[in-house]
Amino acid sequence: MNLFFRKAGEGRPLVILHGLFGSSDNWYSLSKVFAEQFSVYTVDQRNHGQSPHSDEFNYKILAQDLEEFLNQQGIVDPIIIGHSMGGKTAMNLAIKNPNSIAKLIVVDIAPKSYPIHQDHILDGLTAIPLESIQSRSEAEAILAEYVDEADVRQFLLKNLSRNSEGKFVWKINLPAIEKHIAEIGAGMQFEGEYSKSTLFIKGARSNYFKPGDDDHIRSYFPQATIVTVDTGHWVQAENPKAFMAAVNNFLN
């Protein structure tokens, strides 16, 4: 699959992967900062952003997509940053093929399975009648019945766009995401260790980490450094300064 991506800057390659319901657009501002030191590739994973849609959607296929992307672009020894689903994609590739990644940065997700907890989001998105709504404000009013947080609603509605006929359409492949949501909560798909430098950044107010997860992380990533930032799940958006400080400390 030919994934959509944006490239900026010159230097050592750094690849950024967004999370579920996200896209490369979410990383636009931070990618500009990283581009002062690196060749930055911000990638849309399948069924997201401007990348192709597919009914296949699980971590084995997402890791394969990433591996193919690196080969297609001739990217050697990259640093990879992945948030949430993107972090799980990168972790799976790191275990599957440790030589494909020089350093790994995982943002607010652990190498474990998660119960389905996006039901309300999926219910809200599928409740929006794209064929009849006239504005984004109409879509948000419907979504507000399912998602309380205004910032999360705004994040989700970035996936709404208009087609050539002026009708609203989803950039994300909503049916495939809904069908495979349990697989996106799945644990690691490969066994082994990634013994190179790895940074895990977790949000202090996020519910993605539980006691004992640090030991589980080090069973796969024995060289892991684990840093906690005073944020919720969207670490890089909620506190970009602390996020960048943690990344720069790790890389330098």
# chains A, B, ... in the order shown; residues from 1 in each chain; ligands from 1
$ closest_atom_pairs --of "stretch 39-115 of chain A" --to "stretch 217-231 of chain A" --cutoff "12 Å" --atoms "only C-alpha atoms" --output "CSV"
residue,atom,partner,partner_atom,distance
A:Lys88,CA,A:Ile217,CA,11.8
A:Met91,CA,A:Tyr220,CA,9.0
A:Asn92,CA,A:Tyr220,CA,10.1
A:Ala94,CA,A:Phe221,CA,9.3
A:Ile95,CA,A:Tyr220,CA,7.7
A:Lys96,CA,A:Tyr220,CA,11.3
A:Pro98,CA,A:Phe221,CA,10.8
A:Lys103,CA,A:Ala224,CA,10.4
A:Leu104,CA,A:Ala224,CA,9.2
A:Ile105,CA,A:Ala224,CA,9.4
A:Val106,CA,A:Ile226,CA,9.5
A:Val107,CA,A:Val227,CA,9.8
A:Asp108,CA,A:Thr228,CA,9.2
A:Ile109,CA,A:Ile217,CA,9.9
A:Ala110,CA,A:Ile217,CA,6.5
A:Pro111,CA,A:Ile217,CA,6.3
A:Lys112,CA,A:Ile217,CA,8.6
$ residues_around --residues "stretch 66-73 of chain A" --least-positions-apart "5" --cutoff "8 Å" --atoms "only C-alpha atoms" --output "MDAnalysis selection string"
chainID A and resid 1:3 89:90 93 100
$ write_last_selection --atoms "all heavy atoms" --output "PDB file, in the first residue's frame"
ATOM      1  N   MET A   1       0.845  -1.200   0.000  1.00  0.00           N
ATOM      2  CA  MET A   1       0.000   0.000   0.000  1.00  0.00           C
ATOM      3  C   MET A   1       0.873   1.241   0.000  1.00  0.00           C
ATOM      4  O   MET A   1       1.843   1.326   0.764  1.00  0.00           O
ATOM      5  CB  MET A   1      -0.912  -0.003   1.237  1.00  0.00           C
ATOM      6  CG  MET A   1      -1.793   1.234   1.334  1.00  0.00           C
ATOM      7  SD  MET A   1      -2.975   1.153   2.700  1.00  0.00           S
ATOM      8  CE  MET A   1      -4.196   0.036   2.033  1.00  0.00           C
ATOM      9  N   ASN A   2       0.551   2.203  -0.835  1.00  0.00           N
ATOM     10  CA  ASN A   2       1.293   3.463  -0.902  1.00  0.00           C
ATOM     11  C   ASN A   2       0.656   4.459   0.067  1.00  0.00           C
ATOM     12  O   ASN A   2      -0.383   5.063  -0.232  1.00  0.00           O
ATOM     13  CB  ASN A   2       1.283   4.013  -2.326  1.00  0.00           C
ATOM     14  CG  ASN A   2       2.086   3.155  -3.279  1.00  0.00           C
ATOM     15  OD1 ASN A   2       3.170   2.676  -2.937  1.00  0.00           O
ATOM     16  ND2 ASN A   2       1.565   2.944  -4.481  1.00  0.00           N
ATOM     17  N   LEU A   3       1.269   4.632   1.209  1.00  0.00           N
ATOM     18  CA  LEU A   3       0.743   5.528   2.230  1.00  0.00           C
ATOM     19  C   LEU A   3       1.024   6.978   1.876  1.00  0.00           C
ATOM     20  O   LEU A   3       2.103   7.312   1.374  1.00  0.00           O
ATOM     21  CB  LEU A   3       1.371   5.201   3.587  1.00  0.00           C
ATOM     22  CG  LEU A   3       1.145   3.792   4.132  1.00  0.00           C
ATOM     23  CD1 LEU A   3       1.883   3.630   5.460  1.00  0.00           C
ATOM     24  CD2 LEU A   3      -0.336   3.486   4.302  1.00  0.00           C
ATOM     25  N   THR A  89       1.760   0.240  16.385  1.00  0.00           N
ATOM     26  CA  THR A  89       2.278  -0.152  15.066  1.00  0.00           C
ATOM     27  C   THR A  89       3.797  -0.223  15.094  1.00  0.00           C
ATOM     28  O   THR A  89       4.402  -1.207  14.656  1.00  0.00           O
ATOM     29  CB  THR A  89       1.832   0.854  13.989  1.00  0.00           C
ATOM     30  OG1 THR A  89       0.409   0.859  13.877  1.00  0.00           O
ATOM     31  CG2 THR A  89       2.433   0.521  12.632  1.00  0.00           C
ATOM     32  N   ALA A  90       4.425   0.832  15.609  1.00  0.00           N
ATOM     33  CA  ALA A  90       5.888   0.899  15.642  1.00  0.00           C
ATOM     34  C   ALA A  90       6.474  -0.170  16.556  1.00  0.00           C
ATOM     35  O   ALA A  90       7.502  -0.776  16.238  1.00  0.00           O
ATOM     36  CB  ALA A  90       6.330   2.290  16.089  1.00  0.00           C
ATOM     37  N   LEU A  93       6.507  -3.480  14.697  1.00  0.00           N
ATOM     38  CA  LEU A  93       7.587  -3.580  13.710  1.00  0.00           C
ATOM     39  C   LEU A  93       8.935  -3.739  14.410  1.00  0.00           C
ATOM     40  O   LEU A  93       9.795  -4.509  13.950  1.00  0.00           O
ATOM     41  CB  LEU A  93       7.609  -2.366  12.786  1.00  0.00           C
ATOM     42  CG  LEU A  93       8.727  -2.386  11.737  1.00  0.00           C
ATOM     43  CD1 LEU A  93       8.669  -3.643  10.866  1.00  0.00           C
ATOM     44  CD2 LEU A  93       8.687  -1.132  10.857  1.00  0.00           C
ATOM     45  N   SER A 100      15.115  -2.623  11.568  1.00  0.00           N
ATOM     46  CA  SER A 100      14.466  -1.612  10.729  1.00  0.00           C
ATOM     47  C   SER A 100      14.325  -0.265  11.427  1.00  0.00           C
ATOM     48  O   SER A 100      13.991   0.736  10.790  1.00  0.00           O
ATOM     49  CB  SER A 100      13.084  -2.103  10.283  1.00  0.00           C
ATOM     50  OG  SER A 100      12.223  -2.271  11.398  1.00  0.00           O
TER      51      SER A 100
END
$ closest_residue --among "A:Arg46, A:Pro52, A:Ile79, A:Ser31" --to "A:Gln64" --atoms "only C-alpha atoms"
A:Arg46
$ residues_around --residues "stretch 143-156 of chain A" --least-positions-apart "3" --cutoff "7 Å" --atoms "only C-alpha atoms" --output "PDB file with C-alpha atoms, in the first residue's frame"
ATOM      1  CA  PHE A  21      -8.976   8.649  14.286  1.00  0.00           C
ATOM      2  CA  HIS A 120     -19.246   5.977  22.274  1.00  0.00           C
ATOM      3  CA  ILE A 121     -17.005   7.632  19.677  1.00  0.00           C
ATOM      4  CA  GLY A 124     -21.377   9.225  17.679  1.00  0.00           C
ATOM      5  CA  LEU A 125     -19.584   9.249  14.335  1.00  0.00           C
ATOM      6  CA  ALA A 139     -22.270  17.396  13.028  1.00  0.00           C
ATOM      7  CA  GLU A 140     -20.779  18.591  16.304  1.00  0.00           C
ATOM      8  CA  ASN A 159     -11.906  13.721   9.678  1.00  0.00           C
TER       9      ASN A 159
END
$ atom_distance --atom1 "atom CA of A:Glu238" --atom2 "atom CA of A:Ala127"
27.8 Å
$ select_by_dssp --residues "stretch 3-248 of chain A" --states "strand (DSSP E or B)" --output "NGL selection string"
:A and (5-8 or 12-17 or 38-43 or 79-83 or 103-107 or 160-162 or 168-170 or 198-203 or 224-229)
$ write_last_selection --atoms "N, CA and C atoms" --output "compact mmCIF listing (two decimals), in the first residue's frame"
# COMPACT_ATOMS: atom_id res chain seq x y z
N PHE A 5 2.12 10.68 2.78
CA PHE A 5 3.03 11.24 3.79
C PHE A 5 3.44 12.65 3.39
N ARG A 6 3.94 13.37 4.35
CA ARG A 6 4.55 14.68 4.12
C ARG A 6 6.01 14.61 4.58
N LYS A 7 6.88 15.28 3.87
CA LYS A 7 8.29 15.29 4.23
C LYS A 7 8.76 16.72 4.41
N ALA A 8 9.57 16.94 5.45
CA ALA A 8 10.11 18.27 5.71
C ALA A 8 11.48 18.12 6.35
N ARG A 12 18.98 13.27 9.68
CA ARG A 12 18.64 11.89 10.04
C ARG A 12 17.13 11.67 9.93
N PRO A 13 16.68 10.52 9.42
CA PRO A 13 15.24 10.32 9.22
C PRO A 13 14.48 10.10 10.52
N LEU A 14 13.33 10.77 10.62
CA LEU A 14 12.43 10.64 11.75
C LEU A 14 11.03 10.46 11.19
N VAL A 15 10.38 9.37 11.54
CA VAL A 15 9.05 9.03 11.03
C VAL A 15 8.04 9.15 12.16
N ILE A 16 6.91 9.81 11.88
CA ILE A 16 5.89 10.05 12.90
C ILE A 16 4.59 9.37 12.49
N LEU A 17 4.01 8.62 13.43
CA LEU A 17 2.75 7.89 13.20
C LEU A 17 1.67 8.37 14.18
N PHE A 38 15.94 17.19 11.59
CA PHE A 38 15.76 15.88 10.98
C PHE A 38 15.05 15.96 9.63
N SER A 39 15.17 14.88 8.86
CA SER A 39 14.25 14.66 7.73
C SER A 39 13.02 13.99 8.31
N VAL A 40 11.92 14.73 8.34
CA VAL A 40 10.72 14.28 9.04
C VAL A 40 9.68 13.77 8.03
N TYR A 41 9.21 12.57 8.28
CA TYR A 41 8.14 11.97 7.47
C TYR A 41 6.93 11.79 8.37
N THR A 42 5.88 12.55 8.14
CA THR A 42 4.63 12.34 8.86
C THR A 42 3.71 11.55 7.95
N VAL A 43 3.23 10.41 8.46
CA VAL A 43 2.57 9.41 7.64
C VAL A 43 1.10 9.26 8.05
N ILE A 79 14.53 7.08 13.36
CA ILE A 79 13.87 7.24 14.65
C ILE A 79 12.37 7.22 14.34
N ILE A 80 11.61 6.48 15.09
CA ILE A 80 10.17 6.45 14.86
C ILE A 80 9.45 6.89 16.13
N ILE A 81 8.53 7.84 15.95
CA ILE A 81 7.65 8.30 17.02
C ILE A 81 6.24 7.84 16.68
N GLY A 82 5.58 7.17 17.62
CA GLY A 82 4.21 6.74 17.40
C GLY A 82 3.34 7.03 18.60
N HIS A 83 2.20 7.68 18.35
CA HIS A 83 1.25 7.95 19.42
C HIS A 83 0.12 6.93 19.40
N LYS A 103 15.89 3.99 16.73
CA LYS A 103 15.40 4.38 18.05
C LYS A 103 13.89 4.49 17.98
N LEU A 104 13.25 4.18 19.09
CA LEU A 104 11.79 4.14 19.13
C LEU A 104 11.28 5.03 20.25
N ILE A 105 10.25 5.84 19.92
CA ILE A 105 9.59 6.69 20.91
C ILE A 105 8.10 6.37 20.86
N VAL A 106 7.56 5.88 21.96
CA VAL A 106 6.17 5.45 22.04
C VAL A 106 5.42 6.39 22.98
N VAL A 107 4.31 6.94 22.50
CA VAL A 107 3.58 7.96 23.26
C VAL A 107 2.24 7.40 23.75
N LEU A 160 -13.78 15.05 8.91
CA LEU A 160 -14.92 15.37 8.05
C LEU A 160 -14.46 16.31 6.94
N SER A 161 -14.76 15.96 5.71
CA SER A 161 -14.41 16.84 4.59
C SER A 161 -15.54 16.83 3.57
N ARG A 162 -15.45 17.68 2.57
CA ARG A 162 -16.46 17.73 1.51
C ARG A 162 -15.89 17.13 0.22
N PHE A 168 -20.66 16.16 2.58
CA PHE A 168 -19.74 15.73 3.61
C PHE A 168 -19.41 14.25 3.48
N VAL A 169 -18.13 13.92 3.66
CA VAL A 169 -17.66 12.53 3.64
C VAL A 169 -16.62 12.37 4.74
N TRP A 170 -16.39 11.13 5.15
CA TRP A 170 -15.35 10.84 6.13
C TRP A 170 -14.03 10.56 5.42
N THR A 198 14.82 2.96 23.66
CA THR A 198 13.39 3.20 23.51
C THR A 198 12.91 4.15 24.60
N LEU A 199 12.06 5.08 24.20
CA LEU A 199 11.46 6.03 25.14
C LEU A 199 9.95 5.83 25.15
N PHE A 200 9.40 5.66 26.34
CA PHE A 200 7.95 5.65 26.51
C PHE A 200 7.57 6.93 27.25
N ILE A 201 6.67 7.70 26.66
CA ILE A 201 6.16 8.92 27.30
C ILE A 201 4.69 8.67 27.63
N LYS A 202 4.37 8.74 28.91
CA LYS A 202 2.97 8.50 29.28
C LYS A 202 2.38 9.72 29.98
N GLY A 203 1.07 9.89 29.80
CA GLY A 203 0.37 11.00 30.45
C GLY A 203 -0.03 10.62 31.86
N ALA A 224 14.22 0.37 27.79
CA ALA A 224 13.23 1.45 27.81
C ALA A 224 13.49 2.47 28.92
N THR A 225 13.38 3.72 28.54
CA THR A 225 13.29 4.83 29.49
C THR A 225 11.82 5.24 29.52
N ILE A 226 11.26 5.41 30.72
CA ILE A 226 9.84 5.73 30.85
C ILE A 226 9.70 7.07 31.55
N VAL A 227 9.04 8.00 30.87
CA VAL A 227 8.88 9.36 31.36
C VAL A 227 7.39 9.67 31.49
N THR A 228 7.01 10.33 32.57
CA THR A 228 5.62 10.72 32.78
C THR A 228 5.49 12.24 32.66
N VAL A 229 4.49 12.66 31.89
CA VAL A 229 4.21 14.09 31.67
C VAL A 229 2.81 14.39 32.20
$ closest_residue --among "A:Arg136, A:Lys158, A:His53, A:Lys60" --to "A:Gly22" --atoms "only C-alpha atoms"
A:Lys158
$ select_by_dssp --residues "stretch 184-228 of chain A" --states "alpha helix (DSSP H)" --output "MDAnalysis selection string"
chainID A and resid 184 213:220
$ write_last_selection --atoms "all heavy atoms" --output "compact mmCIF listing (two decimals), in the first residue's frame"
# COMPACT_ATOMS: atom_id res chain seq x y z
N ILE A 184 -7.67 -3.43 17.02
CA ILE A 184 -6.84 -2.26 17.31
C ILE A 184 -6.60 -2.15 18.82
O ILE A 184 -5.70 -1.44 19.25
CB ILE A 184 -7.50 -0.99 16.72
CG1 ILE A 184 -7.57 -1.13 15.19
CG2 ILE A 184 -6.74 0.27 17.07
CD1 ILE A 184 -6.23 -1.45 14.52
N ASP A 213 2.59 -2.09 34.36
CA ASP A 213 2.84 -1.93 32.92
C ASP A 213 4.31 -1.65 32.62
O ASP A 213 4.81 -2.05 31.56
CB ASP A 213 1.98 -0.80 32.34
CG ASP A 213 0.53 -1.23 32.14
OD1 ASP A 213 0.25 -2.43 32.26
OD2 ASP A 213 -0.31 -0.35 31.88
N ASP A 214 5.02 -0.98 33.55
CA ASP A 214 6.44 -0.69 33.31
C ASP A 214 7.23 -1.99 33.17
O ASP A 214 8.11 -2.11 32.31
CB ASP A 214 7.01 0.15 34.44
CG ASP A 214 6.51 1.60 34.42
OD1 ASP A 214 5.60 1.88 33.61
OD2 ASP A 214 7.00 2.42 35.21
N ASP A 215 6.93 -2.97 34.01
CA ASP A 215 7.62 -4.27 33.91
C ASP A 215 7.27 -4.97 32.61
O ASP A 215 8.13 -5.60 31.98
CB ASP A 215 7.24 -5.16 35.10
CG ASP A 215 7.79 -4.66 36.42
OD1 ASP A 215 8.79 -3.92 36.39
OD2 ASP A 215 7.21 -5.01 37.47
N HIS A 216 6.02 -4.84 32.20
CA HIS A 216 5.59 -5.46 30.94
C HIS A 216 6.30 -4.80 29.76
O HIS A 216 6.73 -5.49 28.83
CB HIS A 216 4.07 -5.34 30.80
CG HIS A 216 3.51 -6.13 29.66
ND1 HIS A 216 3.64 -7.50 29.57
CD2 HIS A 216 2.83 -5.74 28.54
CE1 HIS A 216 3.06 -7.92 28.46
NE2 HIS A 216 2.56 -6.88 27.82
N ILE A 217 6.45 -3.48 29.82
CA ILE A 217 7.18 -2.76 28.77
C ILE A 217 8.60 -3.30 28.65
O ILE A 217 9.08 -3.61 27.56
CB ILE A 217 7.21 -1.25 29.08
CG1 ILE A 217 5.84 -0.61 28.80
CG2 ILE A 217 8.30 -0.54 28.27
CD1 ILE A 217 5.71 0.81 29.29
N ARG A 218 9.27 -3.47 29.78
CA ARG A 218 10.68 -3.88 29.75
C ARG A 218 10.85 -5.35 29.38
O ARG A 218 11.96 -5.76 29.03
CB ARG A 218 11.34 -3.55 31.08
CG ARG A 218 11.46 -2.04 31.30
CD ARG A 218 12.39 -1.68 32.44
NE ARG A 218 12.63 -0.23 32.46
CZ ARG A 218 11.96 0.64 33.23
NH1 ARG A 218 11.02 0.20 34.06
NH2 ARG A 218 12.24 1.93 33.18
N SER A 219 9.77 -6.13 29.39
CA SER A 219 9.87 -7.51 28.91
C SER A 219 10.04 -7.55 27.40
O SER A 219 10.62 -8.49 26.86
CB SER A 219 8.64 -8.32 29.34
OG SER A 219 7.49 -7.92 28.62
N TYR A 220 9.55 -6.52 26.72
CA TYR A 220 9.74 -6.40 25.27
C TYR A 220 10.86 -5.41 24.93
O TYR A 220 11.56 -5.59 23.93
CB TYR A 220 8.45 -5.88 24.62
CG TYR A 220 7.35 -6.90 24.46
CD1 TYR A 220 6.29 -6.94 25.36
CD2 TYR A 220 7.36 -7.80 23.40
CE1 TYR A 220 5.26 -7.87 25.21
CE2 TYR A 220 6.34 -8.73 23.25
CZ TYR A 220 5.30 -8.76 24.15
OH TYR A 220 4.28 -9.68 23.99
$ closest_residue --among "A:Tyr28, A:Phe57, A:Trp234, A:Phe250" --to "A:Glu183" --atoms "only C-alpha atoms"
A:Phe57
$ closest_residue --among "A:Met85, A:Phe209, A:Lys179, A:Gly166" --to "A:Ser135" --atoms "only C-alpha atoms"
A:Gly166
